[in-house]
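input.pdb follows; it contains PDB, C-alpha atoms, pLDDT in the B column.
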```pdb
ATOM      1  CA  MET A 165       3.774 -24.227  -7.157  1.00 87.00           C
ATOM      2  CA  ILE A 166       0.820 -24.729  -9.479  1.00 91.00           C
ATOM      3  CA  VAL A 167      -2.462 -24.093  -7.697  1.00 92.00           C
ATOM      4  CA  ASP A 168      -6.122 -23.501  -8.487  1.00 93.00           C
ATOM      5  CA  LEU A 169      -6.873 -19.883  -9.317  1.00 93.00           C
ATOM      6  CA  ASP A 170      -9.542 -19.906  -6.599  1.00 92.00           C
ATOM      7  CA  ILE A 171      -6.878 -20.026  -3.865  1.00 92.00           C
ATOM      8  CA  VAL A 172      -4.539 -17.425  -5.404  1.00 91.00           C
ATOM      9  CA  SER A 173      -4.707 -14.030  -3.735  1.00 87.00           C
ATOM     10  CA  ALA A 174      -3.665 -10.548  -4.740  1.00 84.00           C
ATOM     11  CA  GLY A 175      -0.051  -9.889  -3.835  1.00 83.00           C
ATOM     12  CA  GLN A 176       1.247 -13.298  -4.855  1.00 87.00           C
ATOM     13  CA  LEU A 177       4.078 -13.501  -7.394  1.00 89.00           C
ATOM     14  CA  LEU A 178       3.518 -15.246 -10.733  1.00 92.00           C
ATOM     15  CA  ARG A 179       6.393 -17.747 -11.195  1.00 93.00           C
ATOM     16  CA  THR A 180       5.633 -18.654 -14.789  1.00 92.00           C
ATOM     17  CA  GLY A 181       4.416 -16.049 -17.267  1.00 91.00           C
ATOM     18  CA  LEU A 182       1.153 -16.473 -19.151  1.00 91.00           C
ATOM     19  CA  ARG A 183       0.857 -16.200 -22.934  1.00 90.00           C
ATOM     20  CA  ARG A 184      -2.095 -15.973 -25.257  1.00 88.00           C
ATOM     21  CA  LYS A 185      -2.582 -18.625 -27.933  1.00 88.00           C
ATOM     22  CA  ASP A 186      -0.858 -16.331 -30.459  1.00 92.00           C
ATOM     23  CA  GLY A 187       2.246 -16.210 -28.220  1.00 89.00           C
ATOM     24  CA  LYS A 188       1.871 -12.668 -26.944  1.00 91.00           C
ATOM     25  CA  VAL A 189       2.580 -12.178 -23.245  1.00 90.00           C
ATOM     26  CA  LEU A 190      -0.579 -11.879 -21.198  1.00 88.00           C
ATOM     27  CA  ILE A 191       1.125 -11.524 -17.803  1.00 91.00           C
ATOM     28  CA  ALA A 192       4.916 -11.613 -17.468  1.00 91.00           C
ATOM     29  CA  GLN A 193       6.811 -13.912 -15.147  1.00 90.00           C
ATOM     30  CA  GLY A 194       7.542 -12.201 -11.824  1.00 89.00           C
ATOM     31  CA  THR A 195       4.413 -10.037 -11.879  1.00 89.00           C
ATOM     32  CA  ILE A 196       2.739  -9.406  -8.544  1.00 87.00           C
ATOM     33  CA  LEU A 197      -0.882 -10.362  -9.099  1.00 89.00           C
ATOM     34  CA  THR A 198      -3.708  -7.924  -8.381  1.00 89.00           C
ATOM     35  CA  ASN A 199      -7.442  -8.501  -7.899  1.00 90.00           C
ATOM     36  CA  PRO A 200      -8.281  -7.061 -11.358  1.00 91.00           C
ATOM     37  CA  MET A 201      -5.714  -9.412 -12.951  1.00 91.00           C
ATOM     38  CA  LEU A 202      -7.204 -12.403 -11.155  1.00 92.00           C
ATOM     39  CA  ALA A 203     -10.710 -11.409 -12.270  1.00 92.00           C
ATOM     40  CA  ALA A 204      -9.522 -11.078 -15.881  1.00 92.00           C
ATOM     41  CA  LEU A 205      -7.912 -14.529 -15.737  1.00 93.00           C
ATOM     42  CA  ARG A 206     -11.178 -16.011 -14.457  1.00 93.00           C
ATOM     43  CA  ARG A 207     -13.062 -14.369 -17.350  1.00 93.00           C
ATOM     44  CA  ARG A 208     -10.560 -15.956 -19.775  1.00 91.00           C
ATOM     45  CA  GLY A 209     -11.261 -19.380 -18.277  1.00 92.00           C
ATOM     46  CA  ILE A 210      -7.827 -19.840 -16.704  1.00 91.00           C
ATOM     47  CA  THR A 211      -8.157 -22.134 -13.695  1.00 93.00           C
ATOM     48  CA  ARG A 212      -4.559 -22.797 -12.539  1.00 93.00           C
ATOM     49  CA  LEU A 213      -1.447 -20.652 -12.022  1.00 93.00           C
ATOM     50  CA  ASP A 214       2.180 -21.213 -11.078  1.00 94.00           C
ATOM     51  CA  VAL A 215       2.732 -18.829  -8.161  1.00 93.00           C
ATOM     52  CA  GLU A 216       5.086 -18.370  -5.248  1.00 89.00           C
ATOM     53  CA  PRO A 217       3.495 -19.396  -1.964  1.00 81.00           C
ATOM     54  CA  ALA A 218       1.573 -16.570  -0.301  1.00 69.00           C
ATOM     55  CA  PRO A 219       3.824 -14.596   2.033  1.00 66.00           C
ATOM     56  CA  ASP A 220       3.213 -14.857   5.753  1.00 62.00           C
ATOM     57  CA  ARG A 221       1.427 -11.614   6.597  1.00 61.00           C
ATOM     58  CA  THR A 222       0.772 -12.191  10.261  1.00 61.00           C
ATOM     59  CA  PRO A 223       2.061  -9.444  12.576  1.00 58.00           C
ATOM     60  CA  GLU A 224       4.447 -11.959  14.162  1.00 62.00           C
ATOM     61  CA  SER A 225       6.175 -12.409  10.772  1.00 63.00           C
ATOM     62  CA  PHE A 226       6.988  -8.713  10.352  1.00 70.00           C
ATOM     63  CA  ASP A 227      10.474  -7.414  11.024  1.00 77.00           C
ATOM     64  CA  ARG A 228       9.594  -4.463  13.243  1.00 79.00           C
ATOM     65  CA  ALA A 229      13.123  -3.026  13.117  1.00 83.00           C
ATOM     66  CA  ALA A 230      13.170  -3.078   9.298  1.00 83.00           C
ATOM     67  CA  ILE A 231       9.749  -1.412   9.102  1.00 83.00           C
ATOM     68  CA  GLU A 232      10.754   1.268  11.606  1.00 86.00           C
ATOM     69  CA  SER A 233      13.999   1.897   9.707  1.00 88.00           C
ATOM     70  CA  GLU A 234      12.151   2.257   6.389  1.00 87.00           C
ATOM     71  CA  LEU A 235       9.636   4.681   7.901  1.00 90.00           C
ATOM     72  CA  GLU A 236      12.433   6.720   9.514  1.00 91.00           C
ATOM     73  CA  HIS A 237      14.042   7.054   6.097  1.00 90.00           C
ATOM     74  CA  ARG A 238      10.791   7.962   4.315  1.00 90.00           C
ATOM     75  CA  PHE A 239       9.846  10.573   6.933  1.00 92.00           C
ATOM     76  CA  SER A 240      13.375  11.941   7.441  1.00 91.00           C
ATOM     77  CA  LEU A 241      12.634  15.266   5.749  1.00 92.00           C
ATOM     78  CA  VAL A 242       9.667  16.043   8.000  1.00 91.00           C
ATOM     79  CA  ILE A 243      10.995  15.360  11.499  1.00 88.00           C
ATOM     80  CA  ASP A 244       9.879  18.785  12.727  1.00 91.00           C
ATOM     81  CA  ASP A 245       6.299  18.385  11.489  1.00 92.00           C
ATOM     82  CA  PRO A 246       4.114  16.959  14.299  1.00 91.00           C
ATOM     83  CA  PHE A 247       1.348  15.960  11.874  1.00 92.00           C
ATOM     84  CA  MET A 248       3.759  13.952   9.707  1.00 92.00           C
ATOM     85  CA  GLN A 249       5.284  12.305  12.784  1.00 90.00           C
ATOM     86  CA  ALA A 250       1.801  11.293  13.946  1.00 89.00           C
ATOM     87  CA  LEU A 251       1.155   9.930  10.445  1.00 91.00           C
ATOM     88  CA  LYS A 252       4.399   7.933  10.657  1.00 90.00           C
ATOM     89  CA  ARG A 253       3.287   6.395  13.971  1.00 87.00           C
ATOM     90  CA  HIS A 254      -0.123   5.511  12.535  1.00 86.00           C
ATOM     91  CA  ALA A 255       1.558   3.994   9.446  1.00 86.00           C
ATOM     92  CA  LEU A 256       3.780   1.896  11.687  1.00 85.00           C
ATOM     93  CA  GLN A 257       0.758   0.672  13.611  1.00 82.00           C
ATOM     94  CA  ALA A 258      -1.091  -0.186  10.392  1.00 79.00           C
ATOM     95  CA  LEU A 259       1.939  -2.000   8.923  1.00 77.00           C
ATOM     96  CA  LEU A 260       2.330  -4.041  12.070  1.00 75.00           C
ATOM     97  CA  GLY A 261      -1.275  -5.191  11.812  1.00 68.00           C
ATOM     98  CA  GLY A 262      -2.671  -3.118  14.637  1.00 64.00           C
ATOM     99  CA  VAL A 263       0.154  -3.861  17.074  1.00 53.00           C
ATOM    100  CA  PRO A 264       0.232  -0.832  19.406  1.00 54.00           C
ATOM    101  CA  VAL A 265       3.113   1.591  18.968  1.00 54.00           C
ATOM    102  CA  SER A 266       4.736   3.536  21.763  1.00 53.00           C
ATOM    103  CA  SER A 267       3.677   7.099  22.609  1.00 47.00           C
ATOM    104  CA  PRO A 268       0.733   7.494  20.234  1.00 47.00           C
ATOM    105  CA  VAL A 269      -0.136  11.115  19.493  1.00 45.00           C
ATOM    106  CA  PRO A 270      -3.595  12.093  18.254  1.00 46.00           C
ATOM    107  CA  LEU A 271      -3.870  14.052  15.040  1.00 44.00           C
ATOM    108  CA  LEU A 272      -3.629  17.765  15.698  1.00 46.00           C
ATOM    109  CA  GLU A 273      -6.707  19.960  15.733  1.00 50.00           C
ATOM    110  CA  PRO A 274      -6.508  23.570  14.487  1.00 49.00           C
ATOM    111  CA  ASP A 275      -6.158  26.233  17.184  1.00 53.00           C
ATOM    112  CA  GLU A 276      -9.399  27.816  18.371  1.00 56.00           C
ATOM    113  CA  GLY A 277     -10.662  30.339  15.809  1.00 54.00           C
ATOM    114  CA  GLU A 278      -8.214  29.106  13.175  1.00 50.00           C
ATOM    115  CA  SER A 279      -9.582  27.370  10.090  1.00 49.00           C
ATOM    116  CA  ASP A 280      -8.055  24.148   8.893  1.00 46.00           C
ATOM    117  CA  THR A 281      -6.267  24.869   5.609  1.00 45.00           C
ATOM    118  CA  ARG A 282      -4.581  22.432   3.296  1.00 43.00           C
ATOM    119  CA  THR A 283      -2.849  22.815  -0.032  1.00 41.00           C
ATOM    120  CA  ARG A 284      -4.088  21.249  -3.229  1.00 40.00           C
ATOM    121  CA  ASN A 285      -2.238  20.878  -6.500  1.00 41.00           C
ATOM    122  CA  GLU A 286      -4.155  22.758  -9.195  1.00 39.00           C
ATOM    123  CA  GLY A 287      -2.636  20.747 -12.056  1.00 44.00           C
ATOM    124  CA  ASP A 288      -0.072  23.082 -13.626  1.00 43.00           C
ATOM    125  CA  GLY A 289       2.244  23.255 -10.636  1.00 43.00           C
ATOM    126  CA  ASP A 290       0.358  26.057  -8.900  1.00 42.00           C
ATOM    127  CA  ILE A 291      -0.639  25.506  -5.296  1.00 40.00           C
ATOM    128  CA  ALA A 292      -3.881  26.927  -3.999  1.00 41.00           C
ATOM    129  CA  GLU A 293      -5.095  27.242  -0.437  1.00 44.00           C
ATOM    130  CA  VAL A 294      -8.207  25.240   0.355  1.00 42.00           C
ATOM    131  CA  SER A 295     -10.306  25.842   3.457  1.00 43.00           C
ATOM    132  CA  ASP A 296     -12.780  23.547   5.207  1.00 46.00           C
ATOM    133  CA  ALA A 297     -15.615  25.251   3.313  1.00 49.00           C
ATOM    134  CA  ASP A 298     -14.073  24.134  -0.013  1.00 43.00           C
ATOM    135  CA  ILE A 299     -13.849  20.495   1.015  1.00 43.00           C
TER
END
```
Could you quickly redo this structure as structure tokens?
Amino acid sequence: MIVDLDIVSAGQLLRTGLRRKDGKVLIAQGTILTNPMLAALRRRGITRLDVEPAPDRTPESFDRAAIESELEHRFSLVIDDPFMQALKRHALQALLGGVPVSSPVPLLEPDEGESDTRTRNEGDGDIAEVSDADI
């Protein structure tokens, strides 16, 4: 459907590709539009686009079972890590638009007297320990 650029939002799919006057592809058909792309189109003076209708992103439209299944798959290698399981629950809640999830668990705090350490990639594959003082 061809609509004014002002009502197009990031995340919509471009149905018809855009070309420059010299024929080179500006944005290919099937591209998911981003805010920087939309801003660039405005700067070029483009006022209308052929896009798919915006998807329904209300929590009622989400397939909870499909989201839970996808998260189970993505977190399947860290089932014994309580922090990662808490992260999975928080991700589920965020993906469902704030719909409460069962048995929420707060993020874990370090044991008394123990510093919070995390790993950081140093660039060449080496892993270094980082303490709270380094952050």
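Minimum atom-to-atom distance to Met165 in chain A, evaluated using all atoms listed in the file, belongs to A:Pro217 out of A:Phe226, A:Ile210, A:Asn199, A:Pro217.
Among the candidates A:Ala258, A:Ala192, A:Ala174, A:Leu169, the residue lying nearest to Leu205 in chain A is A:Leu169 (atoms considered: all atoms listed in the file).
Here CA of Thr195 in chain A is placed at a distance of 5.7 Å from CA of Leu177 in chain A.
Going from CA of Ile243 in chain A to CA of Leu260 in chain A covers 21.3 Å.
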Written as a count of residues only, what is the full residue list that the PyMOL selection byres ((chain A and resi 230-241) around 10) yields on the file shown?
17
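Take CA of Gly187 in chain A and CA of Arg208 in chain A: the distance between them is 15.3 Å.
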Give me the result of the PyMOL selection byres ((chain A and resi 181-183) around 9) on this file, residue by residue, as a VMD selection string.
chain A and resid 178 to 180 184 to 195 213 to 214
Leaving out Asp168 in chain A and any residue of its chain fewer than 2 positions from it, which residues lie within 6 Å of it when counting only C-alpha atoms, given as a list in words?
Asp170, Ile171, Thr211 and Arg212 of chain A
Selected residues, C-alpha atoms, written as a PDB file, keeping the file's coordinate frame, please.
```pdb
ATOM      1  CA  ASP A 170      -9.542 -19.906  -6.599  1.00 92.00           C
ATOM      2  CA  ILE A 171      -6.878 -20.026  -3.865  1.00 92.00           C
ATOM      3  CA  THR A 211      -8.157 -22.134 -13.695  1.00 93.00           C
ATOM      4  CA  ARG A 212      -4.559 -22.797 -12.539  1.00 93.00           C
TER       5      ARG A 212
END
```
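Nearest to Ile166 in chain A of all the residues A:Leu197, A:Ala203, A:Ala250, A:Val215 is A:Val215, counting only C-alpha atoms.
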